[in-house]
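Engineer: Below: one structure in structure tokens.
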Amino acid sequence: QTPIPTISGLAFSQDRFATAGNFNSNGDFETWSTAMQGVVYGIAYDDVESAIYVADNTNGIISKIPFNKGLGTVEQIMDLGATAKLESLAVVDQHLYWVARGYSTVNKANLDGSDWSVIYQGTTDQKLRGLSADPTNRHIYWTDWGDSARIQRSSLNGGQLITVASSDLVYPNGIAVDSRNKALYVADSAYNHILKYTYYNGSYVRSVFLDNDPNTNSLQGVYGVTVVGSDLYWSTSVKYAVIQSYLTKIYRLSLNNNLGARVPVVQTTTRSRQLYGWVNDIYDSVNSTQPGNQTSYP
């Protein structure tokens with residue numbers, strides 16, 4: 001097998017657009033956007049189908065954007081109604097998972113929307129937000145910034161429910177799993193920082209991985225977070241009266257050096273709620289017996 005340069009991809013919600021992109025050979029980040037009917041909150045990537053899935057928070061619709069049919073093609077998968085208040089998505093094991101804040105539920109379905117089930121039913125005082133999957137250990141994680149803010153985990157079918165953390169949290173939003181290093185990253189917008197929970201000896205050890213830099217405000221209004229290979233990405237959204245809009249930035253930082261440079265890779269005047277990144281290890285289709293072999297790290 002002859003490997004060619006690894007392609008890193010990033011998808012993110014952007015108000016009424018679903019946006020995705022990757023780094024080209026020059027290291028520049030190239031993006032494309034698809035207009036949606038309502039405001040997009042959740043977004044996820046499926047490396048098997050080569051498609052982006054998006055959650056329309058306004059109308060309660062989950063849609064699919066297949067790469068092989070053109071960037072403007074949007075296929076409706078499920079219509080759950082506006083009261084569902086769809087927040088975040090994840091794709092793992094050829095299944096779609098999503099948070100419906102309006103019903104305080106975590107849900108699961110086939111990628112075509114069939115065989116829908118509720119794997120977690122919360123209470124009315126919960127406000128479920130972020131969602132991330134761990135395909136290696138077959139877990140699903142979500143954040144909740146209701147009356148008792150917490151982070152919870154279950155198996156992919158909803159069993160083995162545990163509370164990962166329930167202290168020193170106020171507005172936990174985005175969550176990302178780093179399966180290879182047995183760690184979670186959680187964005188808390190109340191403190192403008194990113195927490196790290198490392199699984200060690202049967203429990204999760206909490207630490208503050210990143211604090212806000214007052215000189216750059218690189219974590220002010222932090223919301224979405226994702227792990228792409230050995231890098232951490234996060235989005236910040238701050239409303240400015242001067243431009244009468246939100247200024248959103250997406251940053252990148254090496255997980256190997258949390259004191260390193262926080263590199264801005266995207267800037268826009270629309271809000272970004274969820275990030276979803278992946279790494280594809282593509283092989284030479286002429287010399288390889290497994291062309292298109294892909295490994296995804298959600």
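A note on labels: chains of the structure tokens are A, B, ... as shown, every chain counts residues from 1, and ligands are counted from 1 in their shown order.
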List the neighbours of Phe17 (chain A) out to 7 Å using only C-alpha atoms; skip same-chain residues closer than 3 positions along the sequence, and give me the result as a list in words.
Structural biologist: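 The neighbour list is Ser13, Gln14, Ser33, Thr34, Ala35, Met36 and Val40 of chain A.
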Engineer: Keeping only all heavy atoms, write the selected residues to a file as a short mmCIF file (atom, residue, chain, number, x, y, z; two decimals), in the first residue's frame.
Structural biologist:
data_model
loop_
_atom_site.label_atom_id
_atom_site.label_comp_id
_atom_site.auth_asym_id
_atom_site.auth_seq_id
_atom_site.Cartn_x
_atom_site.Cartn_y
_atom_site.Cartn_z
N SER A 13 -21.47 23.76 11.91
CA SER A 13 -22.72 24.47 11.67
C SER A 13 -22.45 25.96 11.65
O SER A 13 -21.56 26.46 12.34
CB SER A 13 -23.75 24.13 12.75
OG SER A 13 -23.25 24.46 14.03
N GLN A 14 -23.24 26.68 10.85
CA GLN A 14 -22.98 28.10 10.66
C GLN A 14 -24.31 28.80 10.35
O GLN A 14 -24.60 29.16 9.23
CB GLN A 14 -21.98 28.29 9.52
CG GLN A 14 -21.41 29.68 9.39
CD GLN A 14 -20.41 29.77 8.24
OE1 GLN A 14 -19.95 28.77 7.72
NE2 GLN A 14 -20.10 30.98 7.84
N SER A 33 -19.95 25.61 1.52
CA SER A 33 -21.15 25.73 2.35
C SER A 33 -22.39 25.37 1.56
O SER A 33 -22.47 25.62 0.35
CB SER A 33 -21.30 27.15 2.91
OG SER A 33 -20.24 27.47 3.78
N THR A 34 -23.35 24.77 2.24
CA THR A 34 -24.65 24.45 1.65
C THR A 34 -25.74 25.16 2.45
O THR A 34 -25.80 25.02 3.68
CB THR A 34 -24.90 22.94 1.67
OG1 THR A 34 -23.89 22.29 0.90
CG2 THR A 34 -26.28 22.61 1.10
N ALA A 35 -26.57 25.94 1.78
CA ALA A 35 -27.63 26.68 2.46
C ALA A 35 -28.72 25.73 2.94
O ALA A 35 -29.08 24.78 2.25
CB ALA A 35 -28.22 27.73 1.51
N MET A 36 -29.25 26.00 4.15
CA MET A 36 -30.28 25.18 4.74
C MET A 36 -31.53 26.02 4.97
O MET A 36 -31.48 27.25 5.00
CB MET A 36 -29.80 24.58 6.05
CG MET A 36 -28.49 23.81 5.95
SD MET A 36 -28.57 22.39 4.84
CE MET A 36 -29.77 21.38 5.71
N VAL A 40 -28.97 25.72 11.52
CA VAL A 40 -28.29 24.45 11.74
C VAL A 40 -27.54 24.50 13.07
O VAL A 40 -26.77 25.43 13.32
CB VAL A 40 -27.29 24.15 10.60
CG1 VAL A 40 -26.53 22.87 10.88
CG2 VAL A 40 -28.03 24.06 9.28
#
Engineer: Need the shell around Ser154 (chain A): protein/DNA/RNA residues with any atom at most 12 Å away, counting only C-alpha atoms. Skip same-chain ones fewer than 4 positions apart. Format as a list of chain:residue names?
Structural biologist: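 That gives A:Val106, A:Asn107, A:Ile119, A:Tyr120, A:Gln121, A:Leu131, A:Ser132, A:Ala133, A:Asp134, A:Asn137, A:Arg138, A:His139, A:Ile140, A:Tyr141, A:Trp142, A:Gly158, A:Gly159, A:Gln160, A:Leu161, A:Ile162, A:Thr163, A:Val164.
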Engineer: Could you pull out all residues of region 15-194 of chain A with a DSSP call of helix (DSSP H, G or I) and give them as a ChimeraX atom specification?
Structural biologist: /A:67-69,82-84,101-103,179-181
Engineer: For those residues, write all heavy atoms to a file as a short mmCIF file (atom, residue, chain, number, x, y, z; two decimals), in the first residue's frame.
Structural biologist:
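Okay, this is what ended up in result24.cif:
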data_model
loop_
_atom_site.label_atom_id
_atom_site.label_comp_id
_atom_site.auth_asym_id
_atom_site.auth_seq_id
_atom_site.Cartn_x
_atom_site.Cartn_y
_atom_site.Cartn_z
N PHE A 67 -21.55 13.87 -0.53
CA PHE A 67 -20.50 14.51 -1.32
C PHE A 67 -20.57 14.12 -2.79
O PHE A 67 -20.24 14.91 -3.67
CB PHE A 67 -19.13 14.13 -0.76
CG PHE A 67 -18.80 14.78 0.55
CD1 PHE A 67 -17.69 14.39 1.26
CD2 PHE A 67 -19.60 15.77 1.09
CE1 PHE A 67 -17.37 14.98 2.48
CE2 PHE A 67 -19.30 16.37 2.30
CZ PHE A 67 -18.18 15.97 2.99
N ASN A 68 -21.00 12.88 -3.10
CA ASN A 68 -20.95 12.40 -4.47
C ASN A 68 -22.10 12.90 -5.34
O ASN A 68 -22.17 12.58 -6.52
CB ASN A 68 -20.91 10.87 -4.51
CG ASN A 68 -22.15 10.24 -3.89
OD1 ASN A 68 -23.02 10.94 -3.36
ND2 ASN A 68 -22.22 8.93 -3.95
N LYS A 69 -23.01 13.69 -4.76
CA LYS A 69 -24.14 14.22 -5.54
C LYS A 69 -24.07 15.73 -5.70
O LYS A 69 -25.04 16.35 -6.13
CB LYS A 69 -25.46 13.82 -4.89
CG LYS A 69 -25.74 12.32 -4.92
CD LYS A 69 -27.12 12.00 -4.40
CE LYS A 69 -27.40 10.50 -4.46
NZ LYS A 69 -28.74 10.17 -3.94
N ALA A 82 -40.61 21.10 15.16
CA ALA A 82 -39.86 22.20 15.74
C ALA A 82 -39.68 22.07 17.25
O ALA A 82 -38.70 22.57 17.81
CB ALA A 82 -40.55 23.53 15.42
N THR A 83 -40.61 21.41 17.93
CA THR A 83 -40.52 21.30 19.39
C THR A 83 -39.38 20.38 19.84
O THR A 83 -39.02 20.38 21.02
CB THR A 83 -41.85 20.78 19.99
OG1 THR A 83 -42.20 19.55 19.34
CG2 THR A 83 -42.96 21.79 19.79
N ALA A 84 -38.81 19.62 18.92
CA ALA A 84 -37.71 18.73 19.29
C ALA A 84 -36.46 19.51 19.69
O ALA A 84 -35.68 19.05 20.53
CB ALA A 84 -37.37 17.79 18.14
N ARG A 101 -33.20 18.57 22.61
CA ARG A 101 -33.31 19.32 23.88
C ARG A 101 -34.76 19.53 24.29
O ARG A 101 -35.09 19.55 25.47
CB ARG A 101 -32.59 20.66 23.75
CG ARG A 101 -32.67 21.53 25.00
CD ARG A 101 -31.71 22.70 24.94
NE ARG A 101 -31.89 23.52 23.75
CZ ARG A 101 -32.75 24.55 23.68
NH1 ARG A 101 -33.50 24.87 24.72
NH2 ARG A 101 -32.84 25.25 22.57
N GLY A 102 -35.64 19.69 23.30
CA GLY A 102 -37.04 19.92 23.60
C GLY A 102 -37.71 18.78 24.32
O GLY A 102 -38.69 18.96 25.05
N TYR A 103 -37.19 17.58 24.14
CA TYR A 103 -37.75 16.38 24.79
C TYR A 103 -36.81 15.80 25.84
O TYR A 103 -37.12 14.76 26.42
CB TYR A 103 -38.05 15.31 23.74
CG TYR A 103 -39.03 15.74 22.67
CD1 TYR A 103 -38.77 15.50 21.33
CD2 TYR A 103 -40.22 16.40 23.02
CE1 TYR A 103 -39.68 15.89 20.34
CE2 TYR A 103 -41.11 16.79 22.04
CZ TYR A 103 -40.84 16.54 20.71
OH TYR A 103 -41.72 16.93 19.75
N SER A 179 -10.32 9.01 21.79
CA SER A 179 -10.31 7.59 22.16
C SER A 179 -8.91 7.07 22.41
O SER A 179 -8.68 6.30 23.35
CB SER A 179 -10.98 6.75 21.07
OG SER A 179 -12.30 7.17 20.83
N ARG A 180 -7.97 7.50 21.58
CA ARG A 180 -6.63 6.95 21.68
C ARG A 180 -5.94 7.32 22.98
O ARG A 180 -5.11 6.58 23.50
CB ARG A 180 -5.79 7.42 20.48
CG ARG A 180 -6.24 6.82 19.16
CD ARG A 180 -5.54 7.46 18.00
NE ARG A 180 -5.89 8.87 17.88
CZ ARG A 180 -5.34 9.69 16.99
NH1 ARG A 180 -4.39 9.23 16.18
NH2 ARG A 180 -5.70 10.94 16.91
N ASN A 181 -6.28 8.48 23.54
CA ASN A 181 -5.66 8.94 24.78
C ASN A 181 -6.61 8.87 25.98
O ASN A 181 -6.30 9.41 27.04
CB ASN A 181 -5.15 10.37 24.61
CG ASN A 181 -4.04 10.46 23.58
OD1 ASN A 181 -3.05 9.75 23.66
ND2 ASN A 181 -4.23 11.31 22.58
#
Engineer: Here is a test: counting only C-alpha atoms, which residue of A:Val205, A:Leu96, A:Leu169, A:Met78 is nearest to Leu156 (chain A)?
Structural biologist: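 Closest to Leu156 (chain A) of all the choices is A:Leu96.
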Engineer: If you run DSSP on this backbone, which residues of region 83-214 of chain A come out as strand (DSSP E), and could you give them as a PyMOL selection string?
Structural biologist: chain A and resi 86-92+95-100+105-110+117-121+128-134+139-144+150-155+162-165+172-178+183-188+193-200+203-210
Engineer: Nearest to Thr248 (chain A) among A:Asp211, A:Asp15, A:Ala190, A:Arg262, with distances taken over only C-alpha atoms: which residue is it?
Structural biologist: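 So, comparing all the options, the nearest one is A:Asp15.
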Engineer: Identify, on the basis of only C-alpha atoms, every residue whose closest approach to region 276-278 of chain A does not exceed 12 Å; exclude the query and any residue fewer than 4 positions from it along the same chain; express the result as a PyMOL selection string.
Structural biologist: chain A and resi 6-13+18-23+41-48+50+52-54+88-91+130-133+174-178+224-235+250+252+272+294-298
Engineer: Counting only C-alpha atoms, what are the residues of region 101-163 of chain A within 10 Å of region 62-65 of chain A, and for each of them which pair of atoms is the nearest and at what distance in Å, to one decimal? Sort the table by chain and rising number, as a Markdown table.
Structural biologist:
| residue | atom | partner | partner_atom | distance |
| --- | --- | --- | --- | --- |
| A:Leu111 | CA | A:Lys64 | CA | 9.0 |
| A:Asp112 | CA | A:Lys64 | CA | 9.1 |
| A:Gly113 | CA | A:Ile62 | CA | 8.7 |
Engineer: Which is closest to Ala183 (chain A) among A:Ser203, A:Asn24, A:Ser167, A:Thr73, if we use only C-alpha atoms?
Structural biologist: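 Checking each of A:Ser203, A:Asn24, A:Ser167, A:Thr73 against Ala183 (chain A), counting only C-alpha atoms, the winner is A:Ser203.
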Engineer: Any idea what's packed within 6 Å of Arg129 (chain A), counting only C-alpha atoms, ignoring anything in its chain fewer than 3 positions away? Could you give it as a ChimeraX atom specification?
Structural biologist: /A:87,143-144,173
Engineer: Write out the residues from the selection above, keeping N, CA, C and O atoms, as a short mmCIF file (atom, residue, chain, number, x, y, z; two decimals), in the first residue's frame.
Structural biologist:
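That gives us out08.cif:
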data_model
loop_
_atom_site.label_atom_id
_atom_site.label_comp_id
_atom_site.auth_asym_id
_atom_site.auth_seq_id
_atom_site.Cartn_x
_atom_site.Cartn_y
_atom_site.Cartn_z
N GLU A 87 -30.13 19.57 18.80
CA GLU A 87 -28.90 20.25 19.19
C GLU A 87 -27.67 19.68 18.50
O GLU A 87 -27.02 20.37 17.73
N THR A 143 -23.59 16.35 27.06
CA THR A 143 -23.51 17.37 28.10
C THR A 143 -24.91 17.88 28.43
O THR A 143 -25.83 17.81 27.61
N ASP A 144 -25.05 18.41 29.63
CA ASP A 144 -26.34 18.89 30.12
C ASP A 144 -26.08 20.10 30.99
O ASP A 144 -25.38 20.02 32.00
N ASN A 173 -21.09 22.81 26.89
CA ASN A 173 -21.68 22.73 25.56
C ASN A 173 -21.05 21.62 24.74
O ASN A 173 -21.39 20.47 24.88
#
Engineer: Find the residues around Val266 (chain A) up to 7 Å (only C-alpha atoms counted), leave out those fewer than 2 positions away in its own chain, and share them as a list in words.
Structural biologist: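 Everything that qualifies: Lys249, Ile250, Pro264 and Thr268 of chain A.
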